[in-house]
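This is target.pdb. It holds PDB, C-alpha atoms.
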MODEL        1
ATOM      1  CA  MET A 269       0.000   0.000   0.000
ATOM      2  CA  MET A 270       1.247   3.445  -0.885
ATOM      3  CA  PRO A 271       2.101   5.549   2.116
ATOM      4  CA  TRP A 272      -0.314   8.289   1.066
ATOM      5  CA  ARG A 273      -3.177   5.790   0.935
ATOM      6  CA  ALA A 274      -2.375   4.666   4.447
ATOM      7  CA  GLY A 275      -2.358   8.324   5.402
ATOM      8  CA  ILE A 276      -5.791   8.879   3.903
ATOM      9  CA  LEU A 277      -7.166   5.804   5.670
ATOM     10  CA  LEU A 278      -5.717   7.056   8.926
ATOM     11  CA  LEU A 279      -7.297  10.461   8.343
ATOM     12  CA  LEU A 280     -10.691   8.857   7.604
ATOM     13  CA  ALA A 281     -10.447   6.736  10.749
ATOM     14  CA  TRP A 282      -9.591   9.852  12.728
ATOM     15  CA  LEU A 283     -12.527  11.768  11.247
ATOM     16  CA  ALA A 284     -14.857   8.884  12.088
ATOM     17  CA  VAL A 285     -14.087   9.041  15.802
ATOM     18  CA  LEU A 286     -14.132  12.840  16.003
ATOM     19  CA  PRO A 287     -17.227  14.063  17.814
ATOM     20  CA  LEU A 288     -19.547  16.126  15.654
ATOM     21  CA  PRO A 289     -18.971  19.830  16.107
ATOM     22  CA  ALA A 290     -21.284  21.239  18.736
ATOM     23  CA  ALA A 291     -24.057  23.034  16.912
ATOM     24  CA  ALA A 292     -25.834  23.939  20.119
ATOM     25  CA  GLU A 293     -25.529  27.557  21.141
ATOM     26  CA  TYR A 294     -22.726  28.585  23.494
ATOM     27  CA  ALA A 295     -23.759  28.002  27.135
ATOM     28  CA  ASP A 296     -26.837  25.914  26.352
ATOM     29  CA  VAL A 297     -27.537  23.537  29.229
ATOM     30  CA  VAL A 298     -29.163  20.109  29.120
ATOM     31  CA  LEU A 299     -30.924  19.120  32.361
ATOM     32  CA  ASN A 300     -31.723  15.455  32.674
ATOM     33  CA  ARG A 301     -31.199  14.532  36.300
ATOM     34  CA  ARG A 302     -34.849  13.568  36.695
ATOM     35  CA  ALA A 303     -36.722  14.422  33.493
ATOM     36  CA  GLU A 304     -36.327  11.306  31.381
ATOM     37  CA  ALA A 305     -36.570   8.943  34.326
ATOM     38  CA  GLN A 306     -39.970  10.496  34.935
ATOM     39  CA  GLY A 307     -41.107  10.135  31.336
ATOM     40  CA  VAL A 308     -40.518  13.560  29.811
ATOM     41  CA  ARG A 309     -37.861  14.929  27.484
ATOM     42  CA  PRO A 310     -34.743  16.495  29.032
ATOM     43  CA  VAL A 311     -34.891  20.261  29.626
ATOM     44  CA  VAL A 312     -32.884  22.547  27.348
ATOM     45  CA  PHE A 313     -32.002  25.745  29.208
ATOM     46  CA  GLN A 314     -30.611  28.450  26.957
ATOM     47  CA  HIS A 315     -28.457  31.130  28.567
ATOM     48  CA  TRP A 316     -28.618  33.402  25.500
ATOM     49  CA  PHE A 317     -32.404  33.525  25.604
ATOM     50  CA  HIS A 318     -32.501  34.325  29.286
ATOM     51  CA  ARG A 319     -29.706  36.903  29.381
ATOM     52  CA  ILE A 320     -31.447  39.034  26.775
ATOM     53  CA  ARG A 321     -34.252  39.362  29.330
ATOM     54  CA  PHE A 322     -32.553  39.026  32.718
ATOM     55  CA  ARG A 323     -29.147  39.819  34.151
ATOM     56  CA  CYS A 324     -27.154  36.937  35.636
ATOM     57  CA  LYS A 325     -27.810  38.244  39.147
ATOM     58  CA  VAL A 326     -31.544  37.579  38.955
ATOM     59  CA  CYS A 327     -31.200  33.809  38.745
ATOM     60  CA  HIS A 328     -27.778  33.407  40.319
ATOM     61  CA  ALA A 329     -28.342  35.730  43.288
ATOM     62  CA  GLU A 330     -32.072  36.332  43.851
ATOM     63  CA  LEU A 331     -33.291  32.876  42.868
ATOM     64  CA  GLY A 332     -30.380  30.865  44.219
ATOM     65  CA  PHE A 333     -29.199  28.976  41.149
ATOM     66  CA  LYS A 334     -25.651  27.716  41.751
ATOM     67  CA  MET A 335     -23.203  28.264  38.905
ATOM     68  CA  ARG A 336     -22.426  24.609  38.273
ATOM     69  CA  VAL A 337     -24.428  22.477  35.943
ATOM     70  CA  GLY A 338     -25.890  19.647  37.973
ATOM     71  CA  ALA A 339     -25.512  21.506  41.278
ATOM     72  CA  ASN A 340     -29.162  22.551  41.355
ATOM     73  CA  ASP A 341     -31.522  19.722  42.240
ATOM     74  CA  ILE A 342     -34.860  21.175  41.200
ATOM     75  CA  THR A 343     -38.202  19.397  41.087
ATOM     76  CA  MET A 344     -41.430  20.339  39.334
ATOM     77  CA  ALA A 345     -42.900  20.813  42.809
ATOM     78  CA  ASP A 346     -40.340  23.583  43.441
ATOM     79  CA  ILE A 347     -41.257  25.249  40.161
ATOM     80  CA  ILE A 348     -45.013  25.027  40.728
ATOM     81  CA  ASP A 349     -44.481  26.507  44.200
ATOM     82  CA  GLY A 350     -42.693  29.506  42.654
ATOM     83  CA  ARG A 351     -39.108  28.601  43.431
ATOM     84  CA  PHE A 352     -36.221  28.615  40.915
ATOM     85  CA  CYS A 353     -37.677  28.584  37.336
ATOM     86  CA  GLY A 354     -41.106  29.017  38.902
ATOM     87  CA  ALA A 355     -40.276  32.548  40.061
ATOM     88  CA  CYS A 356     -40.887  33.652  36.457
ATOM     89  CA  HIS A 357     -42.441  30.633  34.762
ATOM     90  CA  ASN A 358     -45.775  31.213  36.440
ATOM     91  CA  GLY A 359     -47.880  32.498  33.567
ATOM     92  CA  ASP A 360     -47.134  36.048  34.664
ATOM     93  CA  ILE A 361     -43.538  36.913  33.728
ATOM     94  CA  ALA A 362     -43.041  33.881  31.463
ATOM     95  CA  TRP A 363     -45.027  30.879  30.314
ATOM     96  CA  ALA A 364     -46.541  28.721  33.034
ATOM     97  CA  PRO A 365     -45.270  25.238  33.931
ATOM     98  CA  ASP A 366     -48.208  23.597  32.165
ATOM     99  CA  LYS A 367     -46.431  24.270  28.862
ATOM    100  CA  CYS A 368     -44.272  21.199  29.441
ATOM    101  CA  ASP A 369     -42.831  20.930  25.938
ATOM    102  CA  MET A 370     -41.397  24.449  25.846
ATOM    103  CA  CYS A 371     -38.757  23.495  28.417
ATOM    104  CA  HIS A 372     -38.789  19.698  28.112
ATOM    105  CA  SER A 373     -37.675  19.962  24.496
ATOM    106  CA  GLY A 374     -34.384  18.040  24.459
ATOM    107  CA  LYS A 375     -33.327  14.897  22.670
ATOM    108  CA  ARG A 376     -33.823  11.781  24.740
ATOM    109  CA  GLY A 377     -30.691  10.202  26.094
ATOM    110  CA  LEU A 378     -28.661  13.369  26.519
ATOM    111  CA  PRO A 379     -26.779  13.651  29.818
ATOM    112  CA  THR A 380     -26.961  16.725  32.051
ATOM    113  CA  GLY A 381     -24.258  19.180  31.073
ATOM    114  CA  ILE A 382     -23.278  22.443  29.476
ATOM    115  CA  VAL A 383     -22.885  22.233  25.702
ATOM    116  CA  GLY A 384     -22.176  24.500  22.762
ATOM    117  CA  GLY A 385     -18.508  24.996  23.680
ATOM    118  CA  HIS A 386     -17.587  27.381  20.942
ATOM    119  CA  GLU A 387     -13.871  27.857  21.391
ATOM    120  CA  THR A 388     -13.078  26.017  24.598
ATOM    121  CA  GLY A 389     -14.427  22.880  26.129
ATOM    122  CA  GLY A 390     -15.690  24.814  29.101
ATOM    123  CA  PRO A 391     -14.787  24.352  32.712
ATOM    124  CA  GLY A 392     -13.512  20.898  33.485
ATOM    125  CA  ARG A 393     -15.762  20.392  36.458
ATOM    126  CA  TRP A 394     -18.901  21.157  34.488
TER     127      TRP A 394
ATOM    128  CA  MET B 145     -23.518  27.257  10.396
ATOM    129  CA  ALA B 146     -23.534  30.288   8.173
ATOM    130  CA  GLN B 147     -23.568  32.966  10.843
ATOM    131  CA  GLY B 148     -22.711  30.707  13.744
ATOM    132  CA  TRP B 149     -26.308  30.253  14.892
ATOM    133  CA  GLU B 150     -27.796  26.858  14.191
ATOM    134  CA  SER B 151     -31.556  26.427  14.079
ATOM    135  CA  LEU B 152     -33.017  24.681  17.112
ATOM    136  CA  ARG B 153     -34.163  21.695  15.059
ATOM    137  CA  LYS B 154     -30.603  21.035  13.941
ATOM    138  CA  ASP B 155     -28.655  22.025  17.038
ATOM    139  CA  GLY B 156     -28.137  18.470  18.237
ATOM    140  CA  ILE B 157     -29.809  18.944  21.619
ATOM    141  CA  HIS B 158     -33.412  19.731  20.722
ATOM    142  CA  ASP B 159     -35.716  16.910  19.718
ATOM    143  CA  PRO B 160     -36.869  18.071  16.276
ATOM    144  CA  ARG B 161     -40.115  16.132  16.835
ATOM    145  CA  GLY B 162     -40.811  17.994  20.062
ATOM    146  CA  PRO B 163     -44.201  19.647  19.725
ATOM    147  CA  ALA B 164     -43.041  23.057  20.979
ATOM    148  CA  VAL B 165     -39.703  23.414  19.204
ATOM    149  CA  LYS B 166     -41.403  25.530  16.548
ATOM    150  CA  ASP B 167     -42.676  27.885  19.269
ATOM    151  CA  LYS B 168     -39.263  28.616  20.765
ATOM    152  CA  GLN B 169     -37.272  31.652  19.674
ATOM    153  CA  GLU B 170     -34.496  30.872  17.196
ATOM    154  CA  PRO B 171     -31.015  32.095  18.220
ATOM    155  CA  ALA B 172     -30.409  33.768  14.844
ATOM    156  CA  GLU B 173     -33.626  35.742  15.160
ATOM    157  CA  ALA B 174     -32.558  37.242  18.483
ATOM    158  CA  LEU B 175     -28.773  37.338  18.297
ATOM    159  CA  SER B 176     -28.288  38.671  14.776
ATOM    160  CA  LYS B 177     -29.593  42.060  15.928
ATOM    161  CA  LEU B 178     -26.947  42.507  18.628
ATOM    162  CA  THR B 179     -23.371  43.827  18.453
ATOM    163  CA  PRO B 180     -21.437  40.994  16.790
ATOM    164  CA  ASP B 181     -18.523  39.079  18.234
ATOM    165  CA  THR B 182     -16.176  36.432  16.850
ATOM    166  CA  ALA B 183     -16.608  33.929  19.680
ATOM    167  CA  GLY B 184     -19.110  32.463  22.126
ATOM    168  CA  ASN B 185     -22.659  33.437  21.200
ATOM    169  CA  MET B 186     -21.165  35.720  18.514
ATOM    170  CA  VAL B 187     -22.550  38.612  20.539
ATOM    171  CA  ARG B 188     -20.742  41.302  22.507
ATOM    172  CA  TRP B 189     -23.029  41.006  25.504
ATOM    173  CA  VAL B 190     -21.468  43.844  27.504
ATOM    174  CA  GLN B 191     -21.716  46.217  24.563
ATOM    175  CA  ALA B 192     -25.251  45.088  23.719
ATOM    176  CA  LEU B 193     -26.231  46.043  27.262
ATOM    177  CA  GLU B 194     -24.338  49.340  27.259
ATOM    178  CA  LYS B 195     -25.800  50.391  23.917
ATOM    179  CA  GLY B 196     -29.315  49.568  25.050
ATOM    180  CA  GLU B 197     -29.805  46.869  22.411
ATOM    181  CA  ILE B 198     -31.052  44.710  25.271
ATOM    182  CA  ASN B 199     -32.530  45.766  28.584
ATOM    183  CA  PRO B 200     -32.458  42.717  30.818
ATOM    184  CA  ARG B 201     -34.164  43.047  34.188
ATOM    185  CA  ALA B 202     -31.830  43.443  37.164
ATOM    186  CA  SER B 203     -34.250  42.009  39.712
ATOM    187  CA  ILE B 204     -37.652  40.410  39.919
ATOM    188  CA  ARG B 205     -38.359  40.708  43.635
ATOM    189  CA  PRO B 206     -39.225  44.011  45.299
ATOM    190  CA  GLY B 207     -36.605  45.175  47.746
ATOM    191  CA  THR B 208     -33.601  43.495  46.114
ATOM    192  CA  LYS B 209     -30.621  45.790  46.445
ATOM    193  CA  ILE B 210     -29.051  46.295  43.001
ATOM    194  CA  GLN B 211     -25.425  47.245  43.286
ATOM    195  CA  VAL B 212     -23.181  48.460  40.493
ATOM    196  CA  TYR B 213     -19.607  49.088  41.571
ATOM    197  CA  ASP B 214     -17.278  51.094  39.355
ATOM    198  CA  SER B 215     -13.675  50.281  40.107
ATOM    199  CA  ASP B 216     -10.904  48.667  38.076
ATOM    200  CA  VAL B 217      -8.400  46.209  39.507
ATOM    201  CA  LEU B 218      -5.063  45.472  37.842
ATOM    202  CA  LEU B 219      -4.083  41.810  38.090
ATOM    203  CA  ASN B 220      -1.077  39.742  37.066
ATOM    204  CA  VAL B 221       1.177  42.712  37.725
ATOM    205  CA  GLN B 222       4.336  40.563  37.853
ATOM    206  CA  GLY B 223       3.741  38.272  34.864
ATOM    207  CA  GLY B 224       4.861  38.373  31.242
ATOM    208  CA  MET B 225       1.510  38.770  29.523
ATOM    209  CA  PRO B 226      -0.071  42.213  29.365
ATOM    210  CA  ILE B 227      -1.585  43.159  32.720
ATOM    211  CA  VAL B 228      -5.187  42.178  33.353
ATOM    212  CA  ARG B 229      -7.573  45.049  33.937
ATOM    213  CA  PHE B 230     -10.591  43.689  35.738
ATOM    214  CA  PRO B 231     -13.482  46.146  35.414
ATOM    215  CA  HIS B 232     -15.975  45.881  38.261
ATOM    216  CA  ARG B 233     -18.570  48.002  36.492
ATOM    217  CA  GLN B 234     -19.158  45.704  33.518
ATOM    218  CA  HIS B 235     -19.234  42.718  35.832
ATOM    219  CA  THR B 236     -21.650  44.210  38.347
ATOM    220  CA  GLU B 237     -24.007  45.366  35.623
ATOM    221  CA  TRP B 238     -24.683  41.663  35.121
ATOM    222  CA  LEU B 239     -23.684  40.057  38.400
ATOM    223  CA  ASP B 240     -24.235  40.548  42.099
ATOM    224  CA  CYS B 241     -21.235  41.030  44.418
ATOM    225  CA  SER B 242     -22.156  37.758  46.115
ATOM    226  CA  ASN B 243     -21.627  35.822  42.874
ATOM    227  CA  CYS B 244     -17.854  36.242  43.268
ATOM    228  CA  HIS B 245     -17.249  37.451  46.837
ATOM    229  CA  ASP B 246     -15.953  35.946  48.917
ATOM    230  CA  HIS B 247     -16.191  32.308  47.931
ATOM    231  CA  LEU B 248     -14.285  32.829  44.652
ATOM    232  CA  PHE B 249     -12.285  35.970  45.334
ATOM    233  CA  LYS B 250     -11.421  37.861  48.511
ATOM    234  CA  ALA B 251     -12.648  41.441  48.278
ATOM    235  CA  GLN B 252      -9.168  42.893  48.542
ATOM    236  CA  ALA B 253      -6.839  43.716  45.656
ATOM    237  CA  GLY B 254      -3.715  41.568  45.760
ATOM    238  CA  ALA B 255      -5.207  39.034  48.175
ATOM    239  CA  ASN B 256      -6.097  36.484  45.505
ATOM    240  CA  LYS B 257      -3.694  33.986  44.018
ATOM    241  CA  LEU B 258      -4.914  33.691  40.442
ATOM    242  CA  SER B 259      -3.844  30.906  38.149
ATOM    243  CA  MET B 260      -4.471  30.589  34.424
ATOM    244  CA  LEU B 261      -4.415  26.808  34.854
ATOM    245  CA  ALA B 262      -7.198  26.978  37.442
ATOM    246  CA  ILE B 263      -9.146  29.344  35.182
ATOM    247  CA  LEU B 264      -8.819  26.931  32.244
ATOM    248  CA  GLU B 265     -10.124  24.189  34.517
ATOM    249  CA  GLY B 266     -13.242  26.176  35.320
ATOM    250  CA  GLU B 267     -12.204  27.740  38.604
ATOM    251  CA  GLN B 268     -11.932  31.447  39.475
ATOM    252  CA  CYS B 269     -12.721  33.537  36.338
ATOM    253  CA  GLY B 270     -13.299  30.245  34.509
ATOM    254  CA  VAL B 271     -16.527  29.624  36.379
ATOM    255  CA  CYS B 272     -18.098  31.921  33.777
ATOM    256  CA  HIS B 273     -15.425  32.619  31.114
ATOM    257  CA  GLY B 274     -15.233  29.567  28.887
ATOM    258  CA  ALA B 275     -18.786  28.510  29.671
ATOM    259  CA  VAL B 276     -21.187  31.430  29.385
ATOM    260  CA  SER B 277     -19.238  34.687  29.133
ATOM    261  CA  PHE B 278     -16.635  35.206  26.414
ATOM    262  CA  PRO B 279     -14.353  32.187  26.059
ATOM    263  CA  LEU B 280     -10.756  31.823  27.179
ATOM    264  CA  THR B 281      -9.445  32.063  23.644
ATOM    265  CA  GLU B 282      -9.910  35.835  23.802
ATOM    266  CA  CYS B 283      -6.676  36.406  25.754
ATOM    267  CA  PHE B 284      -6.342  40.121  25.165
ATOM    268  CA  ARG B 285      -9.787  41.106  26.308
ATOM    269  CA  CYS B 286      -8.552  40.505  29.847
ATOM    270  CA  HIS B 287      -4.807  40.924  29.320
ATOM    271  CA  SER B 288      -5.433  44.392  27.985
ATOM    272  CA  VAL B 289      -2.857  46.681  29.593
ATOM    273  CA  PRO B 290       0.576  46.482  27.886
ATOM    274  CA  ARG B 291       3.651  46.624  30.070
ATOM    275  CA  PRO B 292       6.274  49.279  29.379
ATOM    276  CA  GLY B 293       7.937  48.409  26.075
ATOM    277  CA  GLN B 294       5.297  45.877  25.122
ATOM    278  CA  SER B 295       3.747  46.396  21.730
ATOM    279  CA  LEU B 296       0.023  46.944  21.723
ATOM    280  CA  ASN B 297      -0.776  44.184  19.293
ATOM    281  CA  THR B 298       0.896  40.960  20.282
ATOM    282  CA  VAL B 299      -1.202  39.038  17.757
ATOM    283  CA  PRO B 300      -2.263  40.342  14.354
ATOM    284  CA  LYS B 301      -5.364  42.481  14.412
ATOM    285  CA  THR B 302      -7.094  40.197  11.963
ATOM    286  CA  LEU B 303      -7.023  37.216  14.338
ATOM    287  CA  PRO B 304      -9.521  36.705  17.170
ATOM    288  CA  GLY B 305      -8.334  38.621  20.193
ATOM    289  CA  GLY B 306      -5.838  40.422  18.014
ATOM    290  CA  SER B 307      -7.016  43.904  18.722
ATOM    291  CA  ILE B 308      -6.835  45.245  22.204
ATOM    292  CA  PRO B 309     -10.196  46.728  23.108
ATOM    293  CA  PRO B 310     -10.143  50.372  24.090
ATOM    294  CA  ARG B 311     -10.821  51.121  27.709
ATOM    295  CA  SER B 312     -14.578  51.360  27.564
ATOM    296  CA  ARG B 313     -15.993  54.182  29.584
TER     297      ARG B 313
ENDMDL
END

Here is a file; write its structure as structure tokens.
Amino acid sequence: MMPWRAGILLLLAWLAVLPLPAAAEYADVVLNRRAEAQGVRPVVFQHWFHRIRFRCKVCHAELGFKMRVGANDITMADIIDGRFCGACHNGDIAWAPDKCDMCHSGKRGLPTGIVGGHETGGPGRW
Amino acid sequence: MAQGWESLRKDGIHDPRGPAVKDKQEPAEALSKLTPDTAGNMVRWVQALEKGEINPRASIRPGTKIQVYDSDVLLNVQGGMPIVRFPHRQHTEWLDCSNCHDHLFKAQAGANKLSMLAILEGEQCGVCHGAVSFPLTECFRCHSVPRPGQSLNTVPKTLPGGSIPPRSR
């Protein structure tokens, strides 16, 4: 076999194991600690959508969201009682929690994590 | 990705068969109107806020004290890279003091041992930069104050991070 053909085969093998480039938007978050186990799609939380409307401090100071994906163990009961997402998603500031599919819109099987790493892989502990 | 914003149906995390995907706002629809960037969400979020392109709420509960603190801190004074100018104002427009103090940084200039390695691993500044605020490839947005004798443009202007942003005031 010519060396260049071996090189091309090696390149193809390398391309085959490369993960697909992340098409998700920078700082998108998949939340699937409980969702799929309870029969609904994972939640896709989009930072870009929220930061157009709210400053970081609203969720990360007033509402108590910790800045680590997976560090916030939130149930639908919390949300319906007005805590965390439920502080806005109450039909007043934003859509109410009965619009399940707006938030539970993710692909099944995705693990909890931050995605859409545009230039860096993101913090190692995330 | 023509402009860097993929449609939700093709972004790899939304279920294209989800009944409400069509009702969600598309990133291109919202982000294409804001001051463009070359990294992250392809949006200069700080400038979008300062120019009034967006007006995100600073609180939702009555009585929340909203604090904006205008003070710069120079960091990495002894290193070889240009000095870091940390601007409190741009950070506190978005964040509350308690988001960084004191569990990430002591509220005293010079009291914090900063490490680029820790930042790249998602600690210190890397809690946000590299995940949600502009990524860690944009070296000269933070390392923005040249040392005596250092040329202003350490990388060509045409490359990302190649132009040193003017002190925005």

Residues near region 241-255 of chain B, cut-off 9 Å, only C-alpha atoms, skip fewer than 6 positions along chain, as a list of chain:residue names: A:Lys325, A:His328, A:Ala329, A:Met335, B:Gln211, B:Val212, B:Tyr213, B:Val217, B:Leu218, B:Leu219, B:His235, B:Glu267, B:Gln268, B:Cys269

Output of the ChimeraX specification (/A :<8) & /B, listed as a ChimeraX atom specification: /B:145,149-150,152,154-160,162-165,167-169,171,183-185,198-205,208,237-240,242-243,263-267,270-271,274-276,279-281

Selected residue of minimal separation from Ile348 (chain A) among A:Gly332, A:Pro365, A:Phe313, A:Ala305, counting only C-alpha atoms: A:Pro365

Point-to-point distance from CA of Arg188 (chain B) to CA of Leu258 (chain B), Å rounded to tenths: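 That distance, rounded to one decimal, is 25.1 Å.
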
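Coordinates place CA of His232 (chain B) at a distance of 19.5 Å from CA of Pro290 (chain B).
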
Shell of 10 Å around region 343-347 of chain A, only C-alpha atoms, local chain residues under 5 positions omitted, as a list in words: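 Residues near the query, excluding close chain neighbours: Arg301, Arg302, Ala303, Phe352, Cys353, Gly354, Ala355, Cys356, His357, Asn358, Ala364 and Pro365 of chain A.
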
Atom pair CA of Pro379 (chain A) / CA of Asn300 (chain A): separation (Å):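 Separating CA of Pro379 (chain A) from CA of Asn300 (chain A) is a distance of 6.0 Å.
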
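When all atoms listed in the file are used to measure the gap to Val190 (chain B), the shortest distance among B:Gln294, B:Ser288, B:Ser151, B:Ser277 belongs to B:Ser277.
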
Given all atoms listed in the file as the counted atoms, nearest of A:Gly359, A:Leu299, A:Asp366, A:Gly307 to Ala339 (chain A): A:Leu299

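Between Val228 (chain B) and the candidates B:Lys166, B:His287, B:Arg161, B:Arg153, the tightest atom-to-atom separation, counting only C-alpha atoms, involves B:His287.
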
So that all listed atoms of region 157-176 of chain B fit with 4 Å spare on each side, what axis-aligned box centre and edge lengths in Å, to one decimal, would you give as JSON?
{"center_x": -36.2, "center_y": 27.4, "center_z": 18.2, "size_x": 23.9, "size_y": 30.5, "size_z": 14.8}

Complete the atoms of region 319-340 of chain A to N, CA and C atoms and put them out as an mmCIF file, keeping the file's coordinate frame.
data_model
loop_
_atom_site.group_PDB
_atom_site.id
_atom_site.type_symbol
_atom_site.label_atom_id
_atom_site.label_comp_id
_atom_site.auth_asym_id
_atom_site.auth_seq_id
_atom_site.Cartn_x
_atom_site.Cartn_y
_atom_site.Cartn_z
ATOM 1 N N ARG A 319 -30.483 35.703 29.044
ATOM 2 C CA ARG A 319 -29.706 36.903 29.381
ATOM 3 C C ARG A 319 -30.100 38.115 28.535
ATOM 4 N N ILE A 320 -30.845 37.896 27.476
ATOM 5 C CA ILE A 320 -31.447 39.034 26.775
ATOM 6 C C ILE A 320 -32.488 39.697 27.681
ATOM 7 N N ARG A 321 -33.119 38.894 28.524
ATOM 8 C CA ARG A 321 -34.252 39.362 29.330
ATOM 9 C C ARG A 321 -33.927 39.603 30.797
ATOM 10 N N PHE A 322 -32.916 38.911 31.297
ATOM 11 C CA PHE A 322 -32.553 39.026 32.718
ATOM 12 C C PHE A 322 -31.043 39.062 32.864
ATOM 13 N N ARG A 323 -30.575 39.826 33.847
ATOM 14 C CA ARG A 323 -29.147 39.819 34.151
ATOM 15 C C ARG A 323 -28.841 38.568 34.976
ATOM 16 N N CYS A 324 -27.576 38.159 34.938
ATOM 17 C CA CYS A 324 -27.154 36.937 35.636
ATOM 18 C C CYS A 324 -27.621 36.923 37.075
ATOM 19 N N LYS A 325 -27.583 38.159 37.709
ATOM 20 C CA LYS A 325 -27.810 38.244 39.147
ATOM 21 C C LYS A 325 -29.236 37.847 39.533
ATOM 22 N N VAL A 326 -30.171 37.933 38.607
ATOM 23 C CA VAL A 326 -31.544 37.579 38.955
ATOM 24 C C VAL A 326 -31.628 36.094 39.335
ATOM 25 N N CYS A 327 -31.120 35.249 38.464
ATOM 26 C CA CYS A 327 -31.200 33.809 38.745
ATOM 27 C C CYS A 327 -30.111 33.358 39.711
ATOM 28 N N HIS A 328 -28.904 33.930 39.550
ATOM 29 C CA HIS A 328 -27.778 33.407 40.319
ATOM 30 C C HIS A 328 -27.609 34.088 41.664
ATOM 31 N N ALA A 329 -28.370 35.155 41.936
ATOM 32 C CA ALA A 329 -28.342 35.730 43.288
ATOM 33 C C ALA A 329 -29.744 35.678 43.906
ATOM 34 N N GLU A 330 -30.722 36.301 43.253
ATOM 35 C CA GLU A 330 -32.072 36.332 43.851
ATOM 36 C C GLU A 330 -32.691 34.944 43.957
ATOM 37 N N LEU A 331 -32.568 34.152 42.910
ATOM 38 C CA LEU A 331 -33.291 32.876 42.868
ATOM 39 C C LEU A 331 -32.476 31.704 43.381
ATOM 40 N N GLY A 332 -31.179 31.891 43.563
ATOM 41 C CA GLY A 332 -30.380 30.865 44.219
ATOM 42 C C GLY A 332 -29.839 29.763 43.329
ATOM 43 N N PHE A 333 -29.800 29.991 42.012
ATOM 44 C CA PHE A 333 -29.199 28.976 41.149
ATOM 45 C C PHE A 333 -27.681 28.979 41.310
ATOM 46 N N LYS A 334 -27.112 27.825 41.673
ATOM 47 C CA LYS A 334 -25.651 27.716 41.751
ATOM 48 C C LYS A 334 -25.070 27.665 40.350
ATOM 49 N N MET A 335 -23.819 28.144 40.228
ATOM 50 C CA MET A 335 -23.203 28.264 38.905
ATOM 51 C C MET A 335 -22.461 27.002 38.491
ATOM 52 N N ARG A 336 -23.003 25.857 38.775
ATOM 53 C CA ARG A 336 -22.426 24.609 38.273
ATOM 54 C C ARG A 336 -23.555 23.782 37.723
ATOM 55 N N VAL A 337 -23.398 23.341 36.491
ATOM 56 C CA VAL A 337 -24.428 22.477 35.943
ATOM 57 C C VAL A 337 -24.497 21.208 36.780
ATOM 58 N N GLY A 338 -25.698 20.843 37.171
ATOM 59 C CA GLY A 338 -25.890 19.647 37.973
ATOM 60 C C GLY A 338 -25.909 19.931 39.465
ATOM 61 N N ALA A 339 -25.555 21.179 39.847
ATOM 62 C CA ALA A 339 -25.512 21.506 41.278
ATOM 63 C C ALA A 339 -26.890 21.890 41.817
ATOM 64 N N ASN A 340 -27.837 22.110 40.925
ATOM 65 C CA ASN A 340 -29.162 22.551 41.355
ATOM 66 C C ASN A 340 -30.159 21.404 41.180
#
